[in-house]
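Enquirer: Got a structure here, written out as structure tokens. Questions coming.
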Amino acid sequence: MTTLQDTLTSMTDSLSDELVARIERDRAAGWRNPFRTEDADACRRRDRPQDRNRIWRPPFVKDTEKIMHLPAYNRYNGKTQVFSFRSNDDLTRRGLHVQLVARIARDIGYALGLNCDLIEAIGLGHDLGHTPFGHAGERCLNDILHARTGRHFFHNVHSVRVMDVLYGRNITLQTLDGALTHNGEYEQRVFELSGLSGFPEFDRIVESCYETGDIAIGHLRPATLEACVVRISDIIAYVGRDRQDAIEAGLLDEDAFEDGLGGGYNSWILSRASVDIIEHSYGKNRIEMSEGMFSEIRRAKAENYEKIYRSGGVEGERADVLGRAFNLMYEHFLGDLKAEDRSSYIFRHHIDRLEKQLARYNRSYAWRADLDQTVVDYIASMSDGYFTELATKLFPELHFPRRTYINER
């Protein structure tokens with residue numbers, strides 16, 4: 001009978017000799033992957049002279065730079081990856097997570113001959129729409145918005161809004177599509193391309209995500225191989241790292257996981273999964289992995305849900321205070337918008353700043369058009385610390401769990 005340990009031991013951390021020889025021959029012959037996204041394919045909503053391709057600053061490099069200069073990018077480091085009320089400086093924050101995703105995806109993309117500039121842009125921008133308090137905050141905001149309007153909130157959809165609407169940075173269709181379709185909660189063994197035709201179709205897809213939520217999001221497919229690589233790299237980046245963080249936070253012991261690798265699983269999955277994807281995707285018009293690796297990723301992810309995500313972070317008793325805080329904040333700022341109270345934080349820290357940013361591009365923030373969406377924009381933009389301090393200031397009766405730096409275990 002084959003055990004889990006036997007299965008893991010059988011998975012290699014190096015490419016086959018045959019594929020290595022093929023890659024070396026292809027590179028020596030100047031081979032270029034015919035399925036990669038070329039710089040010339042970059043498509044933007046507006047044809048602005050400053051966004052046109054230049055030999056020293058290709059289009060997807062521009063996307064990366066635009067993303068890194070957004071206030072939303074700077075706030076990554078104040079946003080939860082998994083553990084919201086533990087301030088241990090060694091725990092992963094969302095800023096590190098997106099860097100890990102971009103790094104893993106670039107390694108895979110380089111071996112496959114893909115456009116690594118596009119991969120980096122998608123990797124660094126894919127979580128710009130994430131709420132404070134990670135997926136728990138995302139669920140709170142979705143519940144409120146859906147109850148009020150029938151529309152849905154998902155961070156991948158909001159990442160597109162942050163880049164495309166709230167900051168109006170004229171990001172390429174390829175990068176926006178990669179952010180929209182990155183959602184690592186929907187794992188697949190084979191990623192085939194969507195055949196996206198352009199911005200009109202993309203906008204219809206985004207709208208369907210607002211209208212139907214999981215029904216639309218669960219069927220999203222990337223339009224580029226680069227986006228496919230980022231999507232699977234998102235899972236690879238967190239499935240092992242979250243285990244290391246759970247052990248560092250004192251939630252679990254090293255021997256808590258079925259595979260027996262403890263925090264070492266992160267190193268194991270990084271090397272094996274990357275090799276497996278390269279081995280099964282090289283030269284193809286799709287990104288895929290072996291049945292064995294796909295099964296292992298699903299198994300490890302399911303174990304994480306059982307032992308980490310449903311047990312730590314802001315789950316359990318902390319969900320009550322968090323849900324109440326989101327509801328109170330939402331109603332408070334909706335009232336300020338209706339009253340046009342310019343002294344409110346939603347004006348001073350959100351609307352006024354966005355309008356100033358957008359004015360540089362001769363655009364404006366249509367915050368009056370949908371007050372619910374404006375409140376969502378503001379709350380989603382908050383870091384954990386900003387949300388907690390503001391909620392406590394406005395509603396002293398709220399009692400958030402004390403943030404802890406020191407693990408006593």
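Please note that chains go A, B, ... in the order of the structure tokens, that every chain numbers its residues from 1, and that ligands are numbered from 1 in the order shown.
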Applying 12 Å and only C-alpha atoms, which residues near Glu355 in chain A remain after dropping the ones on its own chain fewer than 6 positions away? List them as a list in words.
Expert: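 Using only C-alpha atoms, the neighbours found are Val165, Leu166, Tyr167, Gly168, Phe347, Arg348, His349, Tyr361, Asn362, Arg363, Ser364, Tyr365, Ala366 and Trp367 of chain A.
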Enquirer: Export C-alpha atoms of the chosen residues as a compact mmCIF listing (two decimals), in the first residue's frame?
Expert:
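Result went into out_12.txt, see below:
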# COMPACT_ATOMS: atom_id res chain seq x y z
CA VAL A 165 -10.89 52.89 -12.09
CA LEU A 166 -9.87 54.20 -8.67
CA TYR A 167 -6.38 55.23 -9.76
CA GLY A 168 -7.01 55.29 -13.51
CA PHE A 347 -13.75 62.37 2.42
CA ARG A 348 -10.45 63.42 3.96
CA HIS A 349 -8.63 60.07 3.70
CA TYR A 361 -4.86 62.06 -15.58
CA ASN A 362 -7.81 64.37 -16.33
CA ARG A 363 -10.19 61.96 -14.67
CA SER A 364 -12.52 62.15 -11.68
CA TYR A 365 -13.90 59.84 -9.00
CA ALA A 366 -17.64 59.38 -9.55
CA TRP A 367 -18.28 58.65 -5.89
Enquirer: Would you pick out the contacts of Leu398 in chain A at 12 Å or less, using only C-alpha atoms, so that residues sharing its chain but fewer than 3 positions from it are not included, and give the list as a PyMOL selection string?
Expert: chain A and resi 318+320-329+388-395+401-402
Enquirer: Just want the 10 Å neighbourhood of range 42-56 of chain A, counted on only C-alpha atoms, with same-chain residues fewer than 6 positions away dropped. Output as a ChimeraX atom specification.
Expert: /A:62-63,118,164,169-176,198-199
Enquirer: Keeping C-alpha atoms for every residue in the selection just given, could you write it to a file as a compact mmCIF listing (two decimals), in the first residue's frame?
Expert:
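out.txt written:
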# COMPACT_ATOMS: atom_id res chain seq x y z
CA LYS A 62 5.57 50.23 -17.13
CA ASP A 63 2.67 48.31 -15.59
CA LEU A 118 4.06 40.58 -17.60
CA ASP A 164 -8.36 50.56 -13.73
CA ARG A 169 -3.48 54.18 -14.33
CA ASN A 170 -4.14 52.87 -17.87
CA ILE A 171 -2.85 49.39 -17.02
CA THR A 172 -2.73 46.88 -19.89
CA LEU A 173 -5.57 44.48 -20.54
CA GLN A 174 -3.17 41.56 -20.03
CA THR A 175 -2.22 42.66 -16.51
CA LEU A 176 -5.82 43.43 -15.54
CA GLY A 198 -10.55 42.88 -25.82
CA PHE A 199 -11.76 45.42 -23.29
Enquirer: Range 106-339 of chain A: which residues are alpha helix (DSSP H) by DSSP, as a PyMOL selection string?
Expert: chain A and resi 106-112+116-125+134-149+155-161+173-180+199-212+214-217+225-248+265-281+291-304+317-339
Enquirer: Got a sec: who's within 9 Å of range 368-378 of chain A, counting only C-alpha atoms, leaving out chain neighbours fewer than 5 positions off, as a list in words?
Expert: Gly129, Leu141, Leu145, Arg148, Thr149, Phe153, His158, Arg161, Val162, Leu166, Met329, Tyr330, Glu331, Phe333, Leu334, Leu337, Lys338, Ile346, His349, His350 and Ile351 of chain A
Enquirer: Keeping only C-alpha atoms, write the selected residues as a compact mmCIF listing (two decimals), in the first residue's frame.
Expert:
# COMPACT_ATOMS: atom_id res chain seq x y z
CA GLY A 129 -8.04 44.84 -4.01
CA LEU A 141 -17.61 43.11 3.03
CA LEU A 145 -22.70 44.56 0.00
CA ARG A 148 -27.74 45.80 0.56
CA THR A 149 -27.41 45.69 -3.23
CA PHE A 153 -17.38 41.70 -3.49
CA HIS A 158 -11.65 44.77 -6.79
CA ARG A 161 -11.12 48.34 -10.02
CA VAL A 162 -8.20 49.68 -7.98
CA LEU A 166 -9.87 54.20 -8.67
CA MET A 329 -18.20 51.24 9.79
CA TYR A 330 -20.22 50.64 6.65
CA GLU A 331 -23.38 52.30 8.00
CA PHE A 333 -19.63 56.13 6.34
CA LEU A 334 -22.69 55.58 4.17
CA LEU A 337 -21.72 60.26 2.21
CA LYS A 338 -25.46 60.90 2.16
CA ILE A 346 -14.15 58.97 4.05
CA HIS A 349 -8.63 60.07 3.70
CA HIS A 350 -10.31 58.58 0.64
CA ILE A 351 -12.35 60.72 -1.76
Enquirer: Could you give me, as a VMD selection string, the residues within 8 Å of range 89-95 of chain A, counting only C-alpha atoms and dropping anything in the same chain fewer than 5 positions from it?
Expert: chain A and resid 73 75 to 83 127 241 to 242 245 248 to 249 405
Enquirer: How would the residues just picked look written out with C-alpha atoms as a PDB file, in the first residue's frame?
Expert:
ATOM      1  CA  TYR A  73       0.635  48.803  -3.091  1.00  0.00           C
ATOM      2  CA  ARG A  75      -0.616  49.324   2.085  1.00  0.00           C
ATOM      3  CA  TYR A  76       0.107  45.668   1.339  1.00  0.00           C
ATOM      4  CA  ASN A  77       2.478  45.534   4.294  1.00  0.00           C
ATOM      5  CA  GLY A  78      -0.294  46.558   6.668  1.00  0.00           C
ATOM      6  CA  LYS A  79      -2.696  43.879   5.482  1.00  0.00           C
ATOM      7  CA  THR A  80      -3.201  40.367   6.799  1.00  0.00           C
ATOM      8  CA  GLN A  81      -2.130  37.292   4.918  1.00  0.00           C
ATOM      9  CA  VAL A  82      -3.585  34.839   7.463  1.00  0.00           C
ATOM     10  CA  PHE A  83      -2.956  35.948  11.057  1.00  0.00           C
ATOM     11  CA  ASP A 127      -3.994  41.403  -4.551  1.00  0.00           C
ATOM     12  CA  ARG A 241       4.364  29.451   3.750  1.00  0.00           C
ATOM     13  CA  ASP A 242       1.102  29.504   5.719  1.00  0.00           C
ATOM     14  CA  ASP A 245       3.541  30.942   9.822  1.00  0.00           C
ATOM     15  CA  GLU A 248       5.834  30.392  14.093  1.00  0.00           C
ATOM     16  CA  ALA A 249       2.617  31.816  15.571  1.00  0.00           C
ATOM     17  CA  TYR A 405       4.086  40.120  19.283  1.00  0.00           C
TER      18      TYR A 405
END
Enquirer: Could you check how far CA of Tyr386 in chain A sits from CA of Phe133 in chain A, in Å to one decimal?
Expert: 11.2 Å
Enquirer: Do a neighbour search on Glu303 in chain A at 10 Å with only C-alpha atoms, toss out local chain neighbours closer than 3 positions, and write the hits as a list in words.
Expert: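 Once the adjacent positions are removed, what remains is Val239, Arg243, Phe257, Glu258, Ile297, Arg298, Arg299, Ala300, Glu306, Lys307, Ile308 and Tyr309 of chain A.
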Enquirer: From the DSSP assignment of the backbone, select every residue of range 165-387 of chain A that is strand (DSSP E or B), and format the answer as a PyMOL selection string.
Expert: chain A and resi 190-191+287-288
Enquirer: Would you please work out which residue, of A:Pro58, A:Ala273, A:Asp259, A:Tyr110, is nearest to Arg27 in chain A when using only C-alpha atoms?
Expert: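 Looking only at the distances to Arg27 in chain A, the closest residue turns out to be A:Tyr110.
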Enquirer: If you count only C-alpha atoms, which residues fall within 6 Å of His126 in chain A, apart from same-chain ones fewer than 3 positions away, as a short mmCIF file (atom, residue, chain, number, x, y, z; two decimals) with N, CA and C atoms, in the first residue's frame?
Expert:
data_model
loop_
_atom_site.label_atom_id
_atom_site.label_comp_id
_atom_site.auth_asym_id
_atom_site.auth_seq_id
_atom_site.Cartn_x
_atom_site.Cartn_y
_atom_site.Cartn_z
N ILE A 122 1.56 41.16 -13.07
CA ILE A 122 0.39 40.46 -12.54
C ILE A 122 0.65 40.02 -11.09
N GLY A 123 1.83 39.46 -10.86
CA GLY A 123 2.14 38.96 -9.53
C GLY A 123 2.10 40.03 -8.47
N ALA A 179 -4.89 39.76 -13.02
CA ALA A 179 -5.37 40.04 -11.66
C ALA A 179 -6.77 39.47 -11.45
#
Enquirer: Mind giving me the straight-line distance from CA of His399 in chain A to CA of Arg86 in chain A in Å, one decimal?
Expert: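 Straight-line distance from CA of His399 in chain A to CA of Arg86 in chain A works out to 15.5 Å.
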Enquirer: Pick out the closest residue to Val230 in chain A from this set: A:Asn304, A:Gln99, A:Ser16, A:Thr9. Count only C-alpha atoms.
Expert: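 Once distances to Val230 in chain A are computed over only C-alpha atoms, the minimum belongs to A:Gln99.
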